[in-house]
Structure formats: structure tokens, C-alpha cells
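Source file: data.txt; contents: compact mmCIF, C-alpha atoms and all ligand atoms.
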# COMPACT_ATOMS: atom_id res chain seq x y z
CA MET A 4 21.43 -62.51 -2.15
CA TYR A 5 22.16 -62.79 -5.91
CA SER A 6 24.96 -60.32 -5.40
CA GLN A 7 26.99 -62.80 -3.36
CA GLY A 8 28.03 -64.29 -6.71
CA LEU A 9 29.80 -61.02 -7.48
CA ILE A 10 32.15 -61.16 -4.53
CA GLY A 11 35.70 -61.17 -5.77
CA ALA A 12 34.61 -60.49 -9.36
CA ASP A 13 37.74 -58.41 -9.75
CA SER A 14 39.94 -60.10 -7.17
CA ASN A 15 42.73 -60.74 -9.69
CA ILE A 16 43.27 -57.06 -10.38
CA VAL A 17 46.70 -55.57 -9.93
CA GLU A 18 46.13 -51.98 -8.90
CA ASP A 19 49.05 -50.50 -10.78
CA GLN A 20 49.15 -46.93 -12.11
CA ALA A 21 47.87 -47.97 -15.54
CA PHE A 22 44.80 -49.60 -13.95
CA LEU A 23 44.10 -46.60 -11.69
CA ASP A 24 44.49 -44.16 -14.59
CA ALA A 25 42.14 -46.18 -16.82
CA PHE A 26 39.56 -46.29 -14.02
CA GLN A 27 39.80 -42.53 -13.50
CA GLN A 28 39.38 -41.99 -17.24
CA ARG A 29 36.08 -43.90 -17.15
CA ILE A 30 34.95 -41.74 -14.23
CA ASP A 31 36.00 -38.53 -15.99
CA ALA A 32 34.08 -39.63 -19.09
CA GLU A 33 30.95 -39.94 -16.88
CA GLU A 34 30.67 -43.70 -17.50
CA LYS A 35 28.73 -45.57 -14.84
CA ILE A 36 30.66 -48.20 -12.90
CA GLU A 37 28.64 -51.42 -12.62
CA PRO A 38 28.93 -54.31 -10.13
CA ASN A 39 30.99 -56.65 -12.34
CA ASP A 40 33.40 -53.94 -13.49
CA PRO A 41 36.94 -53.86 -12.18
CA MET A 42 37.33 -51.12 -9.58
CA PRO A 43 39.97 -50.09 -7.04
CA GLN A 44 39.42 -51.66 -3.64
CA ALA A 45 39.35 -48.20 -2.04
CA TYR A 46 36.49 -47.13 -4.36
CA ARG A 47 34.57 -50.27 -3.39
CA ASN A 48 35.23 -49.70 0.33
CA THR A 49 34.15 -46.06 0.15
CA LEU A 50 30.85 -47.04 -1.42
CA ILE A 51 30.23 -49.87 1.04
CA ARG A 52 30.83 -47.45 3.92
CA MET A 53 28.70 -44.67 2.49
CA ILE A 54 25.79 -46.75 1.13
CA GLY A 55 25.78 -48.84 4.32
CA GLN A 56 25.61 -45.69 6.46
CA HIS A 57 22.85 -44.37 4.25
CA ALA A 58 20.84 -47.63 4.49
CA HIS A 59 21.19 -47.71 8.29
CA SER A 60 20.06 -44.07 8.45
CA GLU A 61 16.88 -44.83 6.55
CA ILE A 62 16.01 -47.76 8.81
CA VAL A 63 16.94 -46.03 12.09
CA GLY A 64 15.14 -42.96 10.71
CA MET A 65 11.86 -44.87 10.92
CA LEU A 66 12.05 -44.86 14.73
CA PRO A 67 11.59 -41.17 15.71
CA GLU A 68 8.57 -40.80 13.43
CA GLY A 69 7.17 -44.29 14.01
CA ASN A 70 6.87 -43.14 17.62
CA TRP A 71 3.94 -40.88 16.57
CA ILE A 72 1.90 -43.17 14.29
CA THR A 73 -0.54 -44.19 17.03
CA ARG A 74 -0.92 -40.57 18.18
CA ALA A 75 -1.41 -38.76 14.85
CA PRO A 76 -4.23 -36.25 15.38
CA SER A 77 -6.38 -37.24 12.35
CA LEU A 78 -6.85 -40.10 9.94
CA ARG A 79 -5.34 -37.99 7.12
CA ARG A 80 -2.18 -37.33 9.13
CA LYS A 81 -1.94 -40.96 10.21
CA VAL A 82 -2.17 -42.23 6.61
CA ALA A 83 0.52 -39.80 5.43
CA LEU A 84 2.82 -40.67 8.33
CA LEU A 85 2.36 -44.42 7.85
CA ALA A 86 3.17 -44.05 4.15
CA LYS A 87 6.24 -41.96 4.90
CA VAL A 88 7.66 -44.35 7.48
CA GLN A 89 7.01 -47.27 5.14
CA ASP A 90 8.83 -45.40 2.33
CA GLU A 91 11.88 -45.01 4.59
CA GLY A 92 11.89 -48.77 5.17
CA GLY A 93 11.79 -49.26 1.39
CA HIS A 94 14.72 -46.87 0.91
CA GLY A 95 16.74 -48.85 3.43
CA LEU A 96 16.04 -52.06 1.50
CA TYR A 97 17.06 -50.63 -1.92
CA LEU A 98 20.21 -49.30 -0.34
CA TYR A 99 21.16 -52.56 1.39
CA SER A 100 20.65 -54.25 -2.00
CA ALA A 101 22.84 -51.65 -3.73
CA ALA A 102 25.58 -52.23 -1.12
CA GLU A 103 25.24 -56.01 -1.55
CA THR A 104 26.23 -55.64 -5.23
CA LEU A 105 29.66 -54.60 -3.91
CA GLY A 106 30.13 -57.92 -2.14
CA VAL A 107 29.09 -57.17 1.43
CA SER A 108 26.22 -59.05 3.06
CA ARG A 109 23.25 -57.52 4.82
CA GLU A 110 24.16 -59.56 7.93
CA GLN A 111 27.65 -58.08 7.99
CA MET A 112 26.33 -54.53 7.58
CA THR A 113 23.80 -55.05 10.38
CA GLU A 114 26.42 -56.49 12.71
CA GLU A 115 28.60 -53.44 12.08
CA LEU A 116 25.70 -51.13 12.91
CA LEU A 117 24.92 -52.99 16.14
CA SER A 118 28.58 -53.10 17.22
CA GLY A 119 28.94 -49.34 16.64
CA LYS A 120 31.50 -49.78 13.83
CA ALA A 121 29.13 -48.47 11.13
CA LYS A 122 27.60 -45.04 11.53
CA TYR A 123 24.13 -43.72 10.77
CA SER A 124 23.00 -40.12 10.47
CA SER A 125 23.45 -38.06 13.63
CA ILE A 126 19.99 -36.51 13.15
CA PHE A 127 18.15 -39.62 14.33
CA ASN A 128 19.65 -39.39 17.80
CA TYR A 129 17.38 -36.50 18.75
CA PRO A 130 14.00 -37.16 20.42
CA THR A 131 10.52 -36.33 19.05
CA PRO A 132 8.61 -35.05 22.12
CA SER A 133 5.94 -33.07 20.21
CA TRP A 134 3.64 -33.61 17.24
CA ALA A 135 5.22 -30.59 15.54
CA ASP A 136 8.47 -32.60 15.34
CA ILE A 137 6.82 -34.85 12.75
CA GLY A 138 6.26 -31.84 10.49
CA THR A 139 9.71 -30.44 11.19
CA ILE A 140 11.40 -33.74 10.35
CA GLY A 141 9.62 -33.87 6.97
CA TRP A 142 10.37 -30.24 6.25
CA LEU A 143 13.98 -30.00 7.43
CA VAL A 144 15.35 -33.56 7.64
CA ASP A 145 13.85 -34.76 4.38
CA GLY A 146 14.61 -31.32 2.91
CA ALA A 147 18.29 -31.74 3.83
CA ALA A 148 18.19 -35.30 2.53
CA ILE A 149 16.91 -34.13 -0.88
CA MET A 150 19.64 -31.49 -1.10
CA ASN A 151 22.25 -34.17 -0.40
CA GLN A 152 20.69 -36.96 -2.44
CA VAL A 153 19.65 -35.31 -5.71
CA PRO A 154 23.35 -35.04 -6.69
CA LEU A 155 23.77 -38.70 -5.69
CA CYS A 156 21.45 -39.60 -8.62
CA ARG A 157 24.57 -38.75 -10.70
CA CYS A 158 26.91 -40.84 -8.53
CA SER A 159 29.43 -42.80 -10.61
CA TYR A 160 28.31 -46.15 -9.16
CA GLY A 161 25.28 -47.28 -11.19
CA PRO A 162 23.22 -49.20 -8.58
CA TYR A 163 23.50 -46.37 -6.02
CA ALA A 164 22.66 -43.67 -8.59
CA ARG A 165 19.61 -45.58 -9.84
CA ALA A 166 18.32 -46.31 -6.32
CA MET A 167 18.53 -42.59 -5.56
CA ILE A 168 16.09 -41.60 -8.32
CA ARG A 169 13.07 -43.18 -6.67
CA VAL A 170 14.30 -42.27 -3.18
CA CYS A 171 14.46 -38.58 -4.15
CA LYS A 172 10.95 -38.62 -5.61
CA GLU A 173 9.61 -40.01 -2.35
CA GLU A 174 11.69 -37.62 -0.21
CA SER A 175 10.10 -34.78 -2.15
CA PHE A 176 6.63 -35.93 -1.06
CA HIS A 177 7.93 -36.25 2.51
CA GLN A 178 9.32 -32.74 2.51
CA ARG A 179 6.06 -31.26 1.24
CA GLN A 180 3.84 -33.10 3.71
CA GLY A 181 6.15 -31.97 6.52
CA TYR A 182 6.11 -28.34 5.46
CA GLU A 183 2.32 -28.42 5.02
CA LEU A 184 1.98 -29.83 8.54
CA VAL A 185 4.15 -27.09 10.07
CA LYS A 186 2.34 -24.42 8.00
CA THR A 187 -1.01 -25.69 9.31
CA LEU A 188 0.26 -25.39 12.90
CA CYS A 189 1.47 -21.85 12.19
CA GLU A 190 -1.99 -20.90 10.93
CA GLY A 191 -3.64 -22.39 14.05
CA THR A 192 -3.78 -21.19 17.65
CA ALA A 193 -0.95 -19.30 19.35
CA GLU A 194 -0.15 -22.49 21.23
CA GLN A 195 0.13 -24.49 18.00
CA LYS A 196 2.39 -21.87 16.46
CA ALA A 197 4.57 -21.88 19.58
CA MET A 198 4.83 -25.66 19.29
CA ALA A 199 6.07 -25.28 15.69
CA GLN A 200 8.62 -22.62 16.72
CA ASP A 201 9.88 -24.75 19.61
CA SER A 202 10.33 -27.66 17.25
CA LEU A 203 12.25 -25.55 14.71
CA ASN A 204 14.46 -24.30 17.56
CA ARG A 205 15.43 -27.87 18.44
CA TRP A 206 15.88 -29.27 14.90
CA TRP A 207 17.56 -26.41 13.04
CA TRP A 208 21.17 -26.98 14.09
CA PRO A 209 21.01 -30.80 14.03
CA SER A 210 19.63 -30.52 10.46
CA LEU A 211 22.66 -28.47 9.40
CA MET A 212 24.89 -31.14 10.96
CA MET A 213 23.39 -33.78 8.65
CA PHE A 214 25.68 -32.52 5.85
CA GLY A 215 28.73 -33.71 7.79
CA PRO A 216 31.88 -31.96 9.04
CA SER A 217 33.05 -28.73 7.42
CA ASP A 218 35.13 -29.15 4.25
CA THR A 219 38.35 -28.52 6.14
CA ASP A 220 37.60 -31.48 8.45
CA SER A 221 35.94 -33.86 5.97
CA GLN A 222 38.34 -36.79 5.48
CA HIS A 223 36.61 -38.40 2.52
CA SER A 224 35.29 -35.52 0.42
CA ASP A 225 38.30 -34.90 -1.83
CA GLN A 226 38.65 -38.48 -2.99
CA SER A 227 34.88 -39.00 -3.25
CA MET A 228 34.57 -35.88 -5.42
CA LYS A 229 37.40 -37.11 -7.64
CA TRP A 230 35.62 -40.43 -8.09
CA LYS A 231 32.35 -38.53 -8.71
CA ILE A 232 30.64 -40.36 -5.88
CA LYS A 233 29.96 -36.97 -4.29
CA ARG A 234 29.28 -34.04 -6.63
CA PHE A 235 29.34 -31.23 -4.04
CA THR A 236 31.21 -30.73 -0.81
CA ASN A 237 29.49 -30.86 2.60
CA ASP A 238 29.67 -27.07 3.03
CA ALA A 239 28.37 -26.34 -0.48
CA LEU A 240 25.27 -28.49 0.14
CA ARG A 241 24.75 -26.99 3.61
CA GLN A 242 24.80 -23.49 2.08
CA LYS A 243 22.24 -24.51 -0.59
CA PHE A 244 20.00 -25.90 2.15
CA VAL A 245 20.16 -22.73 4.26
CA ASP A 246 19.46 -20.54 1.23
CA ALA A 247 16.44 -22.64 0.22
CA THR A 248 14.98 -23.00 3.72
CA ILE A 249 15.10 -19.49 5.18
CA PRO A 250 12.43 -18.10 2.80
CA GLN A 251 10.22 -21.10 3.66
CA ALA A 252 10.51 -20.29 7.38
CA GLU A 253 9.77 -16.61 6.73
CA LEU A 254 6.68 -17.44 4.68
CA ILE A 255 5.04 -19.19 7.63
CA GLY A 256 6.28 -16.69 10.22
CA LEU A 257 8.89 -18.84 11.98
CA HIS A 258 12.35 -17.67 13.07
CA VAL A 259 15.50 -19.69 12.63
CA PRO A 260 17.42 -19.75 15.94
CA ASP A 261 20.61 -18.15 14.65
CA LYS A 262 21.55 -14.61 15.69
CA ASP A 263 24.32 -14.53 13.05
CA LEU A 264 22.00 -15.25 10.13
CA LYS A 265 22.31 -12.46 7.59
CA TRP A 266 21.73 -11.99 3.84
CA ASN A 267 25.01 -11.46 2.04
CA GLU A 268 24.61 -10.25 -1.52
CA ASN A 269 28.21 -11.08 -2.41
CA LYS A 270 27.84 -14.79 -1.67
CA ASN A 271 27.41 -17.51 -4.30
CA ASP A 272 29.30 -15.64 -7.04
CA GLY A 273 27.25 -12.49 -6.55
CA LYS A 274 23.88 -14.28 -6.61
CA GLY A 275 23.57 -13.75 -2.87
CA GLY A 276 23.15 -16.18 0.01
CA TYR A 277 22.94 -16.31 3.78
CA ASP A 278 25.82 -16.03 6.21
CA PHE A 279 25.06 -18.22 9.19
CA GLY A 280 26.49 -18.97 12.63
CA GLU A 281 29.06 -21.60 13.61
CA ILE A 282 27.80 -25.13 14.15
CA ASP A 283 28.53 -26.67 17.55
CA TRP A 284 31.01 -29.27 16.27
CA ASP A 285 31.58 -30.67 19.76
CA GLU A 286 27.91 -31.61 19.88
CA PHE A 287 28.13 -33.08 16.35
CA TRP A 288 31.05 -35.37 17.20
CA ARG A 289 29.55 -36.31 20.58
CA VAL A 290 26.38 -37.50 18.83
CA VAL A 291 28.28 -39.23 16.00
CA LYS A 292 30.39 -41.09 18.58
CA GLY A 293 27.31 -42.51 20.31
CA HIS A 294 26.64 -40.01 23.11
CA GLY A 295 23.54 -38.23 21.83
CA LEU A 296 20.22 -38.26 23.67
CA MET A 297 18.79 -41.24 21.78
CA ASN A 298 21.80 -43.27 20.52
CA LYS A 299 21.38 -46.06 23.07
CA ASP A 300 17.62 -46.36 22.47
CA ARG A 301 18.04 -46.45 18.69
CA ILE A 302 20.60 -49.26 18.76
CA LYS A 303 18.59 -51.16 21.36
CA ALA A 304 15.52 -51.00 19.09
CA ARG A 305 17.51 -52.18 16.07
CA LYS A 306 19.05 -55.05 18.07
CA LYS A 307 15.62 -56.17 19.28
CA ALA A 308 14.24 -56.13 15.72
CA TRP A 309 17.25 -58.11 14.46
CA ASP A 310 17.00 -60.67 17.28
CA ASP A 311 13.23 -60.98 16.95
CA GLY A 312 13.64 -61.64 13.22
CA ALA A 313 16.22 -64.43 13.69
CA TRP A 314 13.59 -67.17 13.34
CA VAL A 315 12.45 -65.73 9.99
CA ARG A 316 16.00 -65.77 8.61
CA GLU A 317 16.56 -69.31 9.91
CA ALA A 318 13.25 -70.53 8.43
CA ALA A 319 14.10 -68.96 5.03
CA GLN A 320 17.50 -70.67 5.05
CA ALA A 321 16.01 -74.05 6.03
CA PHE A 322 13.44 -73.70 3.24
CA ALA A 323 16.13 -72.82 0.68
CA LYS A 324 18.23 -75.83 1.81
CA LYS A 325 15.23 -78.14 1.50
CA ASN A 326 14.55 -76.90 -2.04
CA VAL A 327 18.17 -77.55 -3.07
CA ALA A 328 18.06 -81.06 -1.58
CA ALA A 329 14.75 -81.89 -3.33
N1 LIG B 401 26.05 -38.35 10.98
O1 LIG B 401 34.62 -37.25 5.53
P1 LIG B 401 33.17 -37.05 5.78
C1 LIG B 401 17.56 -39.62 5.42
C2 LIG B 401 30.84 -39.26 9.38
S1 LIG B 401 18.88 -40.56 5.74
C3 LIG B 401 26.86 -39.38 11.29
O2 LIG B 401 32.59 -35.75 5.36
P2 LIG B 401 31.61 -38.48 3.78
C4 LIG B 401 16.25 -39.85 6.03
C5 LIG B 401 31.26 -39.92 8.07
O3 LIG B 401 30.54 -41.11 7.85
C6 LIG B 401 20.23 -39.40 5.68
N2 LIG B 401 28.11 -39.52 10.77
O4 LIG B 401 32.36 -38.30 5.17
C7 LIG B 401 15.89 -41.07 6.53
C8 LIG B 401 32.73 -40.15 8.33
O5 LIG B 401 32.91 -41.24 9.24
P3 LIG B 401 33.59 -42.65 8.80
C9 LIG B 401 21.51 -40.08 5.45
C10 LIG B 401 28.51 -38.57 9.90
O6 LIG B 401 31.12 -39.86 3.68
C11 LIG B 401 14.67 -41.26 7.19
C12 LIG B 401 33.13 -38.92 9.12
O7 LIG B 401 31.94 -38.43 9.72
N3 LIG B 401 22.05 -39.66 4.18
O8 LIG B 401 17.79 -38.72 4.71
O9 LIG B 401 32.44 -37.92 2.65
C13 LIG B 401 13.81 -40.19 7.35
C14 LIG B 401 33.78 -37.85 8.28
O10 LIG B 401 32.85 -37.27 7.35
C15 LIG B 401 27.70 -37.49 9.52
C16 LIG B 401 23.16 -40.22 3.67
O11 LIG B 401 23.73 -41.10 4.25
C17 LIG B 401 26.42 -37.39 10.11
N4 LIG B 401 25.59 -36.37 9.84
O12 LIG B 401 30.36 -37.47 3.90
C18 LIG B 401 14.15 -38.96 6.83
C19 LIG B 401 23.56 -39.69 2.31
N5 LIG B 401 28.38 -36.73 8.64
O13 LIG B 401 32.60 -43.30 7.85
C20 LIG B 401 15.35 -38.78 6.14
C21 LIG B 401 24.81 -40.31 1.78
C22 LIG B 401 29.58 -37.31 8.46
O14 LIG B 401 34.89 -42.33 8.15
N6 LIG B 401 25.98 -39.96 2.54
N7 LIG B 401 29.67 -38.41 9.23
O15 LIG B 401 33.72 -43.44 10.08
C23 LIG B 401 26.70 -38.83 2.33
O16 LIG B 401 26.36 -37.98 1.51
C24 LIG B 401 27.99 -38.67 3.08
O17 LIG B 401 28.34 -39.94 3.60
C25 LIG B 401 27.97 -37.62 4.25
C26 LIG B 401 29.36 -37.62 4.87
C27 LIG B 401 27.66 -36.24 3.68
C28 LIG B 401 26.93 -38.00 5.29
Encoded form (C-alpha cells):
Amino acid sequence: MYSQGLIGADSNIVEDQAFLDAFQQRIDAEEKIEPNDPMPQAYRNTLIRMIGQHAHSEIVGMLPEGNWITRAPSLRRKVALLAKVQDEGGHGLYLYSAAETLGVSREQMTEELLSGKAKYSSIFNYPTPSWADIGTIGWLVDGAAIMNQVPLCRCSYGPYARAMIRVCKEESFHQRQGYELVKTLCEGTAEQKAMAQDSLNRWWWPSLMMFGPSDTDSQHSDQSMKWKIKRFTNDALRQKFVDATIPQAELIGLHVPDKDLKWNENKNDGKGGYDFGEIDWDEFWRVVKGHGLMNKDRIKARKKAWDDGAWVREAAQAFAKKNVAA
């Protein structure tokens, strides 16, 4: 709420070439941009869009896993899952706060999510029908998140970069507990191993889609790289993720569902890397535009939570008003 005082902090700025050049010089010198600093409106809007989408993803991301808390097969697994889901809620809150420093309110961001104007990660529109999905989400989804978010710790906008440091530490724990869960299933009965393989088959391609459209179709990458909001392109991060994950799958005897997957020693400037098959971009855009298997359920759950919490927000406002009057 404190951030509301920052709205319009730079509203008198004339965005002439001298101003834009001076701003770019600060970025090129690796200076952090802070909430009260003058910034181009387009830089502000890009961050509001991206941090807002990220915050919504963390909160919606609690739903597929929350679905399994009451059915975790042991106390140890239940404790780890509860902690993980709670961490995701915390990430959402840091991120909403970081976005608020740019002059947007949490209410506005939530309304945009519920109306379909603001996006959240496509990955959370897939269902979690088996216990193995909980391990696969930690391993692949949090694994992809780390790959994408470690560079965001060096984002040019200070509050986002700083929020990412703790988020990445927690995502690292999430990734490890997920991989350990899948590994345990692979070392169990044939049925348990088959459950892990089935889960990998369903989550592999959606995990690759988390990195966004290919570089040729990404509308925002060029400008975001220039402003050092993003440090790597979508395709570069996707490649790093594939290269890091294939050996992990091999170690536990699982097969990635891609017939075009092949080691290519010439890739990555001669260091080697994997060639992989074409992503189904029609499916990606269908899910992003609201037509995935779980989109309607996810938004319905968020709307219910928002409506059910209305009395808390009203009570807090009434209390604040009473304190001012007293
Ligand atoms: N899903 O020009 P592009 C988590 C949209 S949470 C949906 O490449 P940009 C976790 C994109 O927004 C993971 N939409 O955009 C939580 C844009 O649409 P608009 C979330 C997508 O911003 C709980 C359009 O497509 N992580 O890890 O340069 C449990 C064109 O794309 C997706 C973040 O949010 C997608 N997959 O790059 C476990 C990280 N991809 O806005 C784990 C921060 C693209 O023009 N965000 N779109 O209408 C980013 O790094 C970037 O925003 C993206 C996209 C790489 C996602």
C-alpha cells in the first residue's frame, strides 16, 4: 500500500531523446532502476505486465499442487508439499508488492487476471491426475522456473531483482524435492515407475512452452533485453533447460517423449547440446488464450477466493478509516 505514494513520481517527464538516451546509459552501466527514479512509461508498463503475470502464475500455481495436499502418501511428503505450496503463495505476495512499487494496485492486477486481460503461465492449465505429477511439477516446472528466474536476479529493476533472489533459493528446494520424489517412484515397483513415465510424457512439452514463444515470434524480447529486464532470449533459456534436464531423466531411467531428441556436438559454440523436436505452438497459443484443459477452473477458483476475501478487505479499510478519524 505504501507504494501508492509513488504513483506519478515521474509524471512530469518529457520523454525526449536526451531523456531516453540518459536512461539507456544507466541501464548499460548496470545501475539498478529504483521506484522513485524517472523511467520511460514503456519500461514501467513492461515491468507491470511481466511482474503481474509472474505474480499471478505463482498464485494460480498453488492450485494444481494444492489439489494433492490431503492425499500425500506420507507425513514427510505432506509436510514438503505444504511448505512448497506456501512458498509459492509467498512468491506471489513479494511479486505483487514489487509491481505495486510501479504504481499499480493489487486490486487492479487481480481484476485484470479475472477478466482475462492479464496472463499467467500456460503450465498451470494442465491437470494433476496422479501423485507422480507432484514430483514432475517440482522437477520440471520449478526447474524451468529456476532457469528463467536466476537471470532475473540481475534484472535492471531493483525491487524485481531483489525479490527474485529469495524466490530462486526456494525454487531450488522445490526442484530437488520434486526430482527426489520422481526418483523414488522410479526405484519402486514397475507400476510406480510407469506412473512417473506417464507423468513425464504429459508434462515435458508444456514445460518447454513455459519459456514462451520462439525468438522469431516473441514480441517483447528485443526491447526487454535492451533494457536488461531479460538477460537471455526465450529460446536460449529453453535450450539450457533441455541440456540440463535430459541427463537427469537418463539417470533415473525415464525417457523424454521426443523422437527428434539428439545430441549435437556442434551446438552451444562447440560445447554440445541437444537438438529437440518442434513445439506444438497451436496448443501453446490455445492454452494461453484461455482454452486449455483447466483455464476455466483456475479462474473460477481465483474468483471465488477473491470474492470470499471481500469482507477481509472491507474490514481492513474500515479499521484504517477509524484509526485516521481517531
Ligand atoms: N504462458 O514476447 P513474449 C513458476 C505471453 S511461475 C502464458 O516472449 P515476454 C511457478 C507473454 O506474456 C512461472 N503466456 O513475452 C509457480 C506475451 O503476452 P502479452 C512464471 C505467455 O514477456 C508455482 C506473449 O505471450 N514465470 O515458476 O518477453 C509453482 C508474447 O511473449 C507464456 C514468469 O512469469 C506462457 N508460458 O516473455 C511452480 C517469469 N509465454 O503479455 C513454479 C517472468 C509468453 O504481450 N516472465 N507468454 O499479452 C518472463 O520471463 C517472461 O514474461 C516470459 C515471456 C518468458 C514468460
Within 7 Å of ligand LIG 401 (chain B), counting all atoms listed in the file, which protein or nucleic acid residues do you find, written as a PyMOL selection string?
-> chain A and resi 52-54+56-57+60-62+64-65+91+121-126+140-141+144-145+148+151-152+212-216+221-224+227+233+237+291
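Computed from the coordinates, the CA of Trp230 (chain A) to CA of Glu173 (chain A) distance equals 26.6 Å.
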What is the distance between CA of Glu174 (chain A) and CA of Ile149 (chain A), in Å to one decimal?
->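 These atoms are spaced 6.3 Å apart.
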A:Glu317, A:Ala166, A:Met198, A:Asp90 ranked by distance to Val153 (chain A), top pick (using all atoms listed in the file) =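 Comparing A:Glu317, A:Ala166, A:Met198, A:Asp90 against Val153 (chain A), the winner is A:Ala166.
The space separating CA of Pro130 (chain A) from CA of Asn298 (chain A) comes to 9.9 Å.
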Restricting the calculation to all atoms listed in the file, which member of A:Thr219, A:Ser159, A:Ser210, A:Thr139 is positioned closest to Thr187 (chain A)?
->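 Once distances to Thr187 (chain A) are computed over all atoms listed in the file, the minimum belongs to A:Thr139.
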Between A:Leu116, A:Leu105, A:Leu78, A:Ile255, which one has atoms that come closest to Ala58 (chain A), using only C-alpha atoms?
-> A:Leu116
Proximity of region 212-265 of chain A to region 11-31 of chain A: per-residue shortest pair, 10 Å limit, only C-alpha atoms, as a tab-separated table:
residue	atom	partner	partner_atom	distance
A:Lys229	CA	A:Gln27	CA	8.3
A:Trp230	CA	A:Ile30	CA	6.3
A:Lys231	CA	A:Ile30	CA	6.9
A:Ile232	CA	A:Ile30	CA	9.5
